[in-house]
Structure formats: structure tokens, C-alpha cells
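**Q** Following this line is work16.tsv, made up of TSV, C-alpha atoms:
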chain	number	residue	atom	x	y	z
A	1268	MET	CA	68.65	-39.41	26.15
A	1269	ALA	CA	67.19	-42.06	23.84
A	1270	ILE	CA	63.58	-42.98	24.55
A	1271	SER	CA	62.70	-46.62	23.83
A	1272	ILE	CA	59.54	-47.64	22.03
A	1273	ASP	CA	58.63	-49.79	25.04
A	1274	ASP	CA	58.71	-46.73	27.30
A	1275	ILE	CA	56.55	-44.82	24.84
A	1276	LYS	CA	54.03	-47.66	24.69
A	1277	LYS	CA	54.00	-47.95	28.47
A	1278	LEU	CA	53.28	-44.24	29.04
A	1279	ARG	CA	50.72	-44.22	26.24
A	1280	ALA	CA	48.90	-47.13	27.93
A	1281	MET	CA	48.99	-45.25	31.23
A	1282	THR	CA	47.72	-41.94	29.87
A	1283	GLY	CA	45.96	-42.57	26.56
A	1284	ALA	CA	48.01	-39.78	24.99
A	1285	GLY	CA	49.17	-39.91	21.38
A	1286	LEU	CA	52.53	-41.42	20.48
A	1287	ALA	CA	54.04	-38.10	19.45
A	1288	ASP	CA	52.86	-36.38	22.64
A	1289	VAL	CA	54.15	-39.22	24.81
A	1290	LYS	CA	57.55	-39.25	23.10
A	1291	LYS	CA	57.86	-35.48	23.45
A	1292	ALA	CA	56.93	-35.59	27.14
A	1293	LEU	CA	59.35	-38.42	27.90
A	1294	THR	CA	62.14	-36.65	26.05
A	1295	GLU	CA	61.56	-33.40	27.96
A	1296	ALA	CA	61.35	-35.38	31.22
A	1297	GLU	CA	64.52	-37.30	30.37
A	1298	GLY	CA	62.73	-40.61	30.77
A	1299	ASP	CA	61.09	-39.78	34.11
A	1300	PHE	CA	57.57	-41.26	33.86
A	1301	ASP	CA	56.05	-39.19	36.68
A	1302	LYS	CA	57.48	-35.98	35.26
A	1303	ALA	CA	56.28	-36.92	31.77
A	1304	LYS	CA	52.77	-37.57	33.08
A	1305	GLU	CA	52.82	-34.16	34.77
A	1306	LEU	CA	53.91	-32.50	31.54
A	1307	LEU	CA	51.01	-34.13	29.71
A	1308	ARG	CA	48.63	-32.99	32.47
A	1309	GLU	CA	49.93	-29.41	32.31
A	1310	ARG	CA	49.47	-29.37	28.55
A	1311	GLY	CA	45.85	-30.42	29.06
A	1312	LEU	CA	45.30	-27.67	31.64
A	1313	ALA	CA	46.79	-25.08	29.29
A	1314	ILE	CA	44.54	-26.17	26.44
A	1315	ALA	CA	41.50	-26.16	28.73
A	1316	ALA	CA	42.27	-22.65	29.98
A	1317	LYS	CA	42.95	-21.31	26.50
A	1318	ARG	CA	39.68	-22.67	25.12
A	1319	SER	CA	37.49	-22.15	28.20
A	1320	ASP	CA	35.10	-19.88	26.31
A	1321	ARG	CA	34.55	-22.35	23.45
A	1322	GLU	CA	31.19	-24.07	23.01
A	1323	THR	CA	31.09	-27.84	23.53
A	1324	SER	CA	28.15	-28.69	21.31
A	1325	ASN	CA	29.35	-32.17	20.30
A	1326	GLY	CA	30.32	-35.17	22.34
A	1327	CYS	CA	29.52	-38.71	23.38
A	1328	VAL	CA	26.56	-39.84	25.51
A	1329	LEU	CA	26.63	-43.37	26.91
A	1330	VAL	CA	24.26	-45.31	29.17
A	1331	LYS	CA	24.65	-48.51	31.20
A	1332	SER	CA	22.79	-50.56	33.80
A	1333	ALA	CA	24.29	-53.09	36.20
A	1334	ASP	CA	23.50	-54.51	39.63
A	1335	GLY	CA	20.44	-52.37	40.27
A	1336	PHE	CA	22.08	-49.10	39.23
A	1337	ALA	CA	21.83	-47.33	35.87
A	1338	ALA	CA	23.50	-44.15	34.71
A	1339	MET	CA	24.18	-42.09	31.64
A	1340	ILE	CA	26.84	-39.47	31.11
A	1341	ALA	CA	27.97	-37.10	28.39
A	1342	LEU	CA	31.55	-36.15	27.66
A	1343	LYS	CA	31.28	-33.01	25.56
A	1344	CYS	CA	33.76	-31.57	23.08
A	1345	GLU	CA	33.88	-29.02	20.28
A	1346	THR	CA	33.73	-31.09	17.08
A	1347	ASP	CA	32.10	-34.29	15.86
A	1348	PHE	CA	35.50	-35.43	14.55
A	1349	VAL	CA	36.80	-35.72	18.12
A	1350	ALA	CA	33.43	-36.97	19.43
A	1351	ASN	CA	33.48	-39.92	17.02
A	1352	GLY	CA	37.05	-40.92	17.84
A	1353	ALA	CA	37.55	-44.36	19.37
A	1354	ASP	CA	39.77	-43.02	22.17
A	1355	PHE	CA	37.20	-40.35	23.11
A	1356	ILE	CA	34.38	-42.90	23.23
A	1357	ALA	CA	36.59	-45.30	25.21
A	1358	LEU	CA	37.32	-42.56	27.77
A	1359	THR	CA	33.60	-41.83	28.14
A	1360	GLN	CA	32.95	-45.56	28.63
A	1361	SER	CA	35.68	-45.92	31.24
A	1362	ILE	CA	34.23	-42.99	33.21
A	1363	LEU	CA	30.73	-44.44	32.99
A	1364	ASP	CA	31.99	-47.88	34.06
A	1365	ALA	CA	33.66	-46.33	37.11
A	1366	ALA	CA	30.51	-44.36	37.93
A	1367	ILE	CA	28.37	-47.50	37.74
A	1368	ALA	CA	30.82	-49.48	39.89
A	1369	ALA	CA	30.88	-46.74	42.52
A	1370	LYS	CA	27.16	-45.94	42.17
A	1371	ALA	CA	28.15	-42.28	41.98
A	1372	GLN	CA	25.22	-39.99	42.82
A	1373	ASP	CA	26.20	-36.77	41.04
A	1374	ILE	CA	28.58	-35.28	38.50
A	1375	GLU	CA	31.02	-34.01	41.14
A	1376	ALA	CA	31.37	-37.54	42.54
A	1377	VAL	CA	32.00	-38.79	39.00
A	1378	LYS	CA	34.74	-36.21	38.39
A	1379	ALA	CA	36.56	-37.42	41.52
A	1380	LEU	CA	36.50	-41.12	40.55
A	1381	SER	CA	39.82	-42.86	39.89
A	1382	ILE	CA	40.54	-43.67	36.22
A	1383	ASN	CA	43.89	-45.39	35.62
A	1384	GLY	CA	45.59	-43.68	38.54
A	1385	GLN	CA	44.08	-40.23	38.05
A	1386	THR	CA	40.71	-38.65	38.62
A	1387	ALA	CA	38.11	-38.68	35.88
A	1388	GLN	CA	38.40	-34.90	35.62
A	1389	GLU	CA	42.17	-35.16	35.21
A	1390	ALA	CA	41.69	-37.79	32.51
A	1391	VAL	CA	39.33	-35.45	30.65
A	1392	THR	CA	41.75	-32.54	31.00
A	1393	GLN	CA	44.58	-34.69	29.72
A	1394	ARG	CA	42.49	-35.78	26.75
A	1395	SER	CA	41.78	-32.13	26.04
A	1396	GLY	CA	45.51	-31.54	25.82
A	1397	ILE	CA	45.87	-34.36	23.34
A	1398	THR	CA	43.06	-33.24	21.01
A	1399	GLY	CA	43.43	-29.49	21.48
A	1400	GLU	CA	39.70	-29.13	22.18
A	1401	LYS	CA	37.78	-28.02	25.23
A	1402	MET	CA	36.05	-30.95	26.95
A	1403	GLU	CA	33.64	-31.22	29.87
A	1404	LEU	CA	31.59	-33.83	31.67
A	1405	ASP	CA	27.86	-33.16	31.72
A	1406	GLY	CA	24.41	-34.75	31.76
A	1407	TYR	CA	24.98	-37.31	34.50
A	1408	LEU	CA	21.64	-38.97	35.32
A	1409	THR	CA	20.90	-42.09	37.37
A	1410	LEU	CA	18.17	-44.58	38.25
A	1411	GLU	CA	18.35	-47.16	41.03
A	1412	GLY	CA	16.49	-50.43	41.47
A	1413	GLU	CA	15.45	-53.35	39.34
A	1414	ASN	CA	13.82	-53.58	35.89
A	1415	ILE	CA	15.74	-50.76	34.19
A	1416	GLU	CA	16.11	-50.81	30.42
A	1417	VAL	CA	18.62	-48.53	28.70
A	1418	TYR	CA	18.76	-47.33	25.09
A	1419	ASP	CA	21.42	-45.62	22.97
A	1420	HIS	CA	19.46	-44.18	20.03
A	1421	MET	CA	20.68	-45.79	16.80
A	1422	GLY	CA	24.00	-46.50	18.54
A	1423	LYS	CA	25.18	-42.99	17.68
A	1424	HIS	CA	26.06	-41.97	21.26
A	1425	THR	CA	24.21	-38.64	21.04
A	1426	LEU	CA	20.87	-39.52	22.69
A	1427	CYS	CA	20.34	-42.03	25.50
A	1428	THR	CA	17.38	-43.00	27.66
A	1429	MET	CA	16.56	-45.14	30.69
A	1430	VAL	CA	13.16	-46.52	31.69
A	1431	GLN	CA	12.30	-48.35	34.90
A	1432	THR	CA	9.18	-50.50	35.27
A	1433	ASN	CA	7.55	-51.96	38.37
A	1434	LYS	CA	8.15	-55.55	37.25
A	1435	PRO	CA	10.36	-57.41	34.77
A	1436	ALA	CA	9.42	-56.47	31.20
A	1437	SER	CA	12.55	-56.37	29.05
A	1438	GLU	CA	10.88	-56.13	25.64
A	1439	ALA	CA	8.26	-53.62	26.77
A	1440	GLY	CA	10.91	-51.63	28.63
A	1441	HIS	CA	13.05	-51.40	25.51
A	1442	LYS	CA	10.12	-50.07	23.48
A	1443	LEU	CA	9.34	-47.57	26.21
A	1444	ALA	CA	12.96	-46.40	26.17
A	1445	MET	CA	12.62	-45.90	22.41
A	1446	GLN	CA	9.38	-43.96	23.01
A	1447	VAL	CA	11.18	-41.64	25.43
A	1448	ALA	CA	13.94	-41.09	22.86
A	1449	ALA	CA	11.50	-40.35	20.03
A	1450	MET	CA	8.86	-38.27	21.82
A	1451	LYS	CA	10.93	-36.46	24.50
A	1452	PRO	CA	8.36	-36.40	27.33
A	1453	VAL	CA	8.86	-33.81	30.08
A	1454	ALA	CA	7.22	-35.90	32.82
A	1455	LEU	CA	5.72	-39.30	33.54
A	1456	ASP	CA	2.15	-37.99	33.95
A	1457	ALA	CA	0.26	-34.72	34.46
A	1458	GLN	CA	0.69	-34.88	38.24
A	1459	SER	CA	4.47	-35.06	37.79
A	1460	VAL	CA	4.84	-31.91	35.69
A	1461	ASP	CA	6.72	-29.15	37.46
A	1462	GLN	CA	4.37	-26.28	38.36
A	1463	LYS	CA	6.83	-23.81	36.85
A	1464	ILE	CA	6.48	-25.57	33.50
A	1465	LEU	CA	2.69	-25.49	33.75
A	1466	ASP	CA	2.71	-21.80	34.68
A	1467	GLU	CA	4.98	-20.95	31.78
A	1468	GLU	CA	2.90	-22.99	29.31
A	1469	TYR	CA	-0.29	-21.28	30.48
A	1470	LYS	CA	1.29	-17.83	30.25
A	1471	THR	CA	2.56	-18.58	26.74
A	1472	ALA	CA	-0.84	-19.97	25.72
A	1473	VAL	CA	-2.65	-16.85	26.95
A	1474	GLU	CA	-0.32	-14.52	25.05
A	1475	LYS	CA	-0.50	-16.63	21.89
A	1476	THR	CA	-4.30	-16.71	22.04
A	1477	LYS	CA	-4.50	-12.95	22.56
A	1478	LEU	CA	-2.24	-12.38	19.56
A	1479	GLU	CA	-4.31	-14.71	17.38
A	1480	GLN	CA	-7.58	-13.04	18.35
A	1481	VAL	CA	-6.21	-9.58	17.56
A	1482	GLU	CA	-4.79	-10.83	14.25
A	1483	LYS	CA	-8.20	-12.23	13.29
A	1484	PHE	CA	-9.84	-8.89	14.12
A	1485	VAL	CA	-7.26	-6.98	12.07
A	1486	GLU	CA	-7.69	-9.35	9.11
A	1487	MET	CA	-11.45	-8.87	9.23
A	1488	LYS	CA	-11.06	-5.08	9.16
A	1489	VAL	CA	-8.59	-5.20	6.26
A	1490	LYS	CA	-10.86	-7.48	4.24
A	1491	LYS	CA	-13.82	-5.18	4.94
A	1492	ALA	CA	-11.83	-2.33	3.36
A	1493	GLY	CA	-11.42	-4.39	0.20
A	1494	ILE	CA	-7.71	-5.09	0.66
A	1495	ASN	CA	-6.17	-8.59	0.45
A	1496	PRO	CA	-4.79	-9.28	3.97
A	1497	ASN	CA	-2.01	-11.47	2.54
A	1498	LEU	CA	-0.54	-8.45	0.77
A	1499	VAL	CA	-0.25	-6.34	3.93
A	1500	ASP	CA	0.48	-8.84	6.74
A	1501	SER	CA	3.90	-7.29	7.38
A	1502	GLU	CA	5.77	-4.10	6.53
A	1503	ASP	CA	8.19	-6.08	4.36
A	1504	HIS	CA	5.29	-7.53	2.39
A	1505	ILE	CA	3.74	-4.09	1.94
A	1506	GLU	CA	6.97	-2.68	0.52
A	1507	SER	CA	7.57	-5.73	-1.65
A	1508	ASN	CA	4.04	-5.77	-3.05
A	1509	MET	CA	4.17	-2.04	-3.79
A	1510	ALA	CA	7.38	-2.62	-5.75
A	1511	LYS	CA	5.64	-5.39	-7.72
A	1512	GLY	CA	2.72	-3.10	-8.47
A	1513	TRP	CA	0.25	-5.23	-6.52
A	1514	LEU	CA	-0.45	-2.39	-4.09
A	1515	THR	CA	-0.71	1.34	-4.70
A	1516	GLN	CA	0.77	3.87	-2.32
A	1517	GLU	CA	-2.76	4.85	-1.32
A	1518	GLN	CA	-3.75	1.26	-0.57
A	1519	ALA	CA	-0.58	0.75	1.45
A	1520	ASP	CA	-1.19	3.90	3.51
A	1521	GLU	CA	-4.82	2.93	4.06
A	1522	ALA	CA	-3.82	-0.59	5.11
A	1523	ARG	CA	-1.26	0.72	7.61
A	1524	LYS	CA	-3.88	3.03	9.13
A	1525	ILE	CA	-6.50	0.28	9.36
A	1526	ILE	CA	-4.03	-2.17	10.89
A	1527	ALA	CA	-2.83	0.28	13.55
A	1528	GLU	CA	-6.36	1.23	14.55
A	1529	ALA	CA	-7.65	-2.34	14.42
A	1530	LYS	CA	-4.88	-3.60	16.73
A	1531	VAL	CA	-5.88	-1.09	19.39
A	1532	GLU	CA	-9.58	-1.84	18.94
A	1533	GLY	CA	-8.99	-5.61	18.86
A	1534	GLU	CA	-6.95	-5.56	22.07
A	1535	ALA	CA	-9.65	-3.51	23.78
A	1536	GLN	CA	-12.31	-6.04	22.81
A	1537	LEU	CA	-10.48	-9.15	24.03
A	1538	LYS	CA	-12.70	-11.33	26.20
A	1539	MET	CA	-10.49	-12.78	28.95
A	1540	PRO	CA	-12.80	-15.67	29.96
A	1541	MET	CA	-12.69	-16.94	26.37
A	1542	ILE	CA	-8.92	-16.36	26.17
A	1543	GLU	CA	-8.38	-18.30	29.40
A	1544	ASN	CA	-10.54	-21.22	28.27
A	1545	ILE	CA	-8.61	-21.52	25.02
A	1546	ALA	CA	-5.32	-21.28	26.93
A	1547	LYS	CA	-6.40	-24.05	29.30
A	1548	GLY	CA	-7.22	-26.22	26.31
A	1549	ARG	CA	-3.75	-25.59	24.93
A	1550	VAL	CA	-2.19	-26.58	28.23
A	1551	GLN	CA	-4.18	-29.83	28.17
A	1552	LYS	CA	-2.91	-30.49	24.64
A	1553	PHE	CA	0.63	-29.83	25.86
A	1554	LEU	CA	0.17	-32.35	28.70
A	1555	LYS	CA	-1.16	-35.00	26.33
A	1556	GLU	CA	1.82	-34.53	24.03
A	1557	SER	CA	4.43	-34.15	26.78
A	1558	CYS	CA	3.48	-36.64	29.53
A	1559	LEU	CA	4.82	-40.10	28.78
A	1560	VAL	CA	1.78	-42.17	29.79
A	1561	ASP	CA	-0.58	-39.91	27.79
A	1562	GLN	CA	1.47	-39.80	24.58
A	1563	GLU	CA	0.43	-41.81	21.56
A	1564	PHE	CA	2.56	-44.96	21.63
A	1565	GLN	CA	4.85	-45.02	18.59
A	1566	PHE	CA	5.90	-48.67	18.54
A	1567	GLY	CA	2.67	-50.63	18.71
A	1568	ASP	CA	0.78	-52.51	16.00
A	1569	GLY	CA	-0.74	-49.51	14.27
A	1570	ASP	CA	-3.53	-48.72	16.72
A	1571	LYS	CA	-3.85	-45.28	18.30
A	1572	ALA	CA	-3.27	-46.38	21.89
A	1573	THR	CA	-1.65	-44.14	24.47
A	1574	VAL	CA	1.41	-45.42	26.29
A	1575	ALA	CA	-0.78	-46.19	29.33
A	1576	GLN	CA	-3.27	-48.12	27.19
A	1577	TRP	CA	-0.49	-50.04	25.45
A	1578	LEU	CA	1.03	-50.96	28.82
A	1579	GLY	CA	-2.35	-52.32	29.94
A	1580	GLN	CA	-2.52	-54.46	26.83
A	1581	GLN	CA	0.84	-56.02	27.70
A	1582	ASP	CA	0.14	-56.56	31.39
A	1583	LYS	CA	-2.59	-54.89	33.45
A	1584	GLU	CA	-0.19	-54.57	36.38
A	1585	LEU	CA	2.73	-53.16	34.36
A	1586	LYS	CA	3.59	-49.54	35.22
A	1587	ILE	CA	6.39	-47.11	34.50
A	1588	VAL	CA	8.27	-46.11	37.65
A	1589	ALA	CA	10.65	-43.52	36.20
A	1590	PHE	CA	12.54	-42.48	33.10
A	1591	LYS	CA	15.53	-40.31	32.19
A	1592	ARG	CA	16.64	-38.81	28.87
A	1593	PHE	CA	19.69	-36.85	27.73
A	1594	THR	CA	20.72	-35.66	24.30
A	1595	LEU	CA	23.39	-33.50	22.70
A	1596	VAL	CA	21.27	-33.04	19.58
A	1597	ALA	CA	19.48	-29.73	19.12
A	1598	GLU	CA	15.72	-30.34	19.19
Can you turn what I pasted into C-alpha cells?
**A**
Amino acid sequence: MAISIDDIKKLRAMTGAGLADVKKALTEAEGDFDKAKELLRERGLAIAAKRSDRETSNGCVLVKSADGFAAMIALKCETDFVANGADFIALTQSILDAAIAAKAQDIEAVKALSINGQTAQEAVTQRSGITGEKMELDGYLTLEGENIEVYDHMGKHTLCTMVQTNKPASEAGHKLAMQVAAMKPVALDAQSVDQKILDEEYKTAVEKTKLEQVEKFVEMKVKKAGINPNLVDSEDHIESNMAKGWLTQEQADEARKIIAEAKVEGEAQLKMPMIENIAKGRVQKFLKESCLVDQEFQFGDGDKATVAQWLGQQDKELKIVAFKRFTLVAE
């Protein structure tokens, strides 16, 4: 049967599918709109199943605040070509709008929301069928209450932040949201850092300090033997420098022997109290760099104030209540 352009436009408006896909579905369904919609849905499911093992490293992240509720969400896909498409961004926005209106609390609630007569998850699956790429909803974060500022970094829809303050402070809140985007804090302050993160940082700091102390001991032993440490700091360098004539076979063999013995001796001489003190200092440095209020504020007037100090300069009572950050960009 002949399919009219009006029917094609109507189904396209209902589903967001491409003109060719809509026409094909309507033709196969002999003009039955419900059957055509089901065909488009099945195509999306087939694409999703076929590409289930694909990596969704691109996508669109959007953020919005309204009526005391703020949220951000990411709709992920495989390529930046699809991620930058107007229809893909519009779908992400429609899902976020529905989430804000419903004040959805988690990603599963978002997936079940109604979007143009279908669930958000069904809309995503259908879009997957249209583009031929795997898609998935991810990164749903929320804040509730007043005084929330949101920020879409450079308007590129790949990194978004939200910051809530204890009192109205739109301009300051915007700068704080930019700070969160730029400096990627892990917590508001030291007391808010997850103990697991602290434990892991301390463990890493101890191992790094041990390694550095042993390396210093080995370097001292190599220098004492009259060999340039830079020529023998790895097996690849030893082989390369022998080929260049910068090391003799005898020097290389001697260096290998010294290094092996010095590593054992250096490890045996490690002083754990000193190692632990250095590690604790490294953890403190991590906290200063990673806790929002202790970070150096990046958007002030050139002074070296921390975020907490800058806040006090704006208003002695102004405090940060909470923040959220999500990005699709590898950091």
C-alpha cells in the first residue's frame, strides 16, 4: 500500500526515527502505526543485542536545576559523530527534563520514566536501532534543595557539575561549579573523604616512598663504582648504550651486579618510621589537592587563596553544602 508523507511525518514525530526507517516500518506494517512502532522497537533491540559488547566511550552529559531539584545524566554511545547529533542531544534533554519533573532518585527510576508514550529505556533502545550504535544511560546524579548552580563545561556536553551553597550566591556558585569542573575534587573536605580512598592513598604512598629510597641507594652505589647511573637505569638503556659504545660489556655486567645487590641491601636498610612519615605527608598533599575547600581557587583575582578562603572573602557565612561532577572525558 502507498504510504503518505503525512503518515511518515506523524510516525517520525512519535518515535524520532529517521525518515527512511519510518517509511520502511510503515510499509512492512501496511500502514499500521502500532505495528510500525513495534518494528522500530524490535530493530533497536536487535542492534542493542548485537553490539552489547561494544564500548560506549562517547556520549552527551547534560545538567539542569528546577524547583529545588537538580540532576545530571549521561546518554552514552560509541562515536562522537552520534554524540554530537542534534537528535541524540535532544533525546538526552528530554530524558533529563522528565527526570527533573519527576524528581527521579536513581537511574532505574529514570529508565522507567515516560517519554512520548514509551519508557526512557525504550526510547534509548529505539534510538540505538536508528543509529546502529550501542547506547546506555549512565551517570545519573542529583542534588535537592535551594541555591544550586549547574555548569556544562564549555557547552560541550561532556563534563557537567553541580554546586549547592547554604545561601543564595549565584555568581559565586557558578565559579565554584567551574572550580569543580577544572580541579576534579574527590570530596568537600578532609573529613568527607572515604576511608577506603585514604587507605589506598596511604598504601600507594608507602610503596612509592620505599621504591624511591631503594632507587636512591642503588644510584649511590652505581656512582660510587664510577658508572653513570643514567646509562644503566634500565635493561633497555644498558643494551642501547652498549650498542652505542657508551658502555663496555664489563661495565654493563658490573652495573647489573651492583644494582641487584644494592636493591637487596637497600630494601633491608629501609627505615619504616621515616617511610611512614613521608607517606603521611604525601597523603596530606593529596587531601590539599583533592578536597574542594582546600584546593587553590582557580577563578579569583590572582591571589593564592584556597576555595575556603575565597568563600570567606565573598561572604563570611557562605559555605558549600554539596557538589557533584560527571564526565565522559578520560582524565
**Q** Restricting the calculation to all atoms listed in the file: of A:Ala1572, A:Val1377, A:Ile1415, A:Leu1293, which residue gets closest to A:Gly1335?
**A** A:Ile1415
**Q** For A:Glu1438, which residue out of A:Phe1566, A:Trp1513, A:Phe1355, A:Phe1336 is the nearest one, using all atoms listed in the file?
**A**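 Checking each of A:Phe1566, A:Trp1513, A:Phe1355, A:Phe1336 against A:Glu1438, counting all atoms listed in the file, the winner is A:Phe1566.
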**Q** Using all atoms listed in the file, which of A:Gln1518, A:Ser1437, A:Thr1428, A:Gln1551 sits nearest A:Glu1413?
**A**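 When distances to A:Glu1413 are compared using all atoms listed in the file, the smallest one comes from A:Ser1437.
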**Q** As an exercise, work out the distance from atom CA of A:Ala1510 to atom CA of A:Val1481 in Å and give it to one decimal place.
**A**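 Those two atoms sit 27.9 Å apart.
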**Q** Can you tell me which residues surround A:Ala1439 at a distance of at most 9 Å, considering only C-alpha atoms, apart from same-chain residues fewer than 3 positions away, and format the answer as a PyMOL selection string?
**A** chain A and resi 1436+1442-1444+1578+1581
**Q** When you draw a straight line from atom CA of A:Thr1432 to atom CA of A:Leu1329, how long is it in Å?
**A**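 Those two atoms sit 20.6 Å apart.
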**Q** May I ask for the distance between atom CA of A:Val1550 and atom CA of A:Ala1472, given in Å to one decimal place?
**A**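 Going from atom CA of A:Val1550 over to atom CA of A:Ala1472 covers 7.2 Å.
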**Q** Considering all atoms listed in the file, state which residue in the set A:Val1447, A:Ala1376, A:Ala1529, A:Ala1350 is at the smallest distance from A:Thr1398.
**A** A:Ala1350
**Q** For A:Gln1431, work out the shell of residues within 7 Å, counting only C-alpha atoms and skipping chain neighbours fewer than 3 positions away, then give it as a ChimeraX atom specification.
**A** /A:1414-1416,1587-1590
**Q** List every protein, DNA or RNA residue that has an atom no more than 12 Å from (-1.6, 3.3, 0.0) in the file's coordinate frame, counting all atoms listed in the file, and report them as a count of residues only.
**A** 21
**Q** Which residues are close to A:Gln1458, i.e. within 12 Å by only C-alpha atoms, leaving aside same-chain residues fewer than 2 positions away? Reply as a ChimeraX atom specification.
**A** /A:1453-1456,1460-1462,1464-1465,1554,1558-1561
**Q** Considering only C-alpha atoms, state which residue in the set A:Lys1477, A:Lys1343, A:Lys1277, A:Lys1304 is at the smallest distance from A:Leu1537.
**A** A:Lys1477
**Q** Go ahead and fit an axis-aligned box to every listed atom of stretch 1490-1499 of chain A plus 6 Å each side, and pass me the centre and edge lengths in Å, one decimal, as lines of an AutoDock Vina configuration file.
**A**
center_x = -7.0
center_y = -6.9
center_z = 2.6
size_x = 25.6
size_y = 21.1
size_z = 16.7
**Q** Check the smallest atom-to-atom distance from each of A:Glu1479, A:Glu1305, A:Asp1373, A:Asp1466 to A:Ala1390 using only C-alpha atoms, then report the winner.
**A**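 For A:Ala1390, the nearest of the given residues is A:Glu1305.
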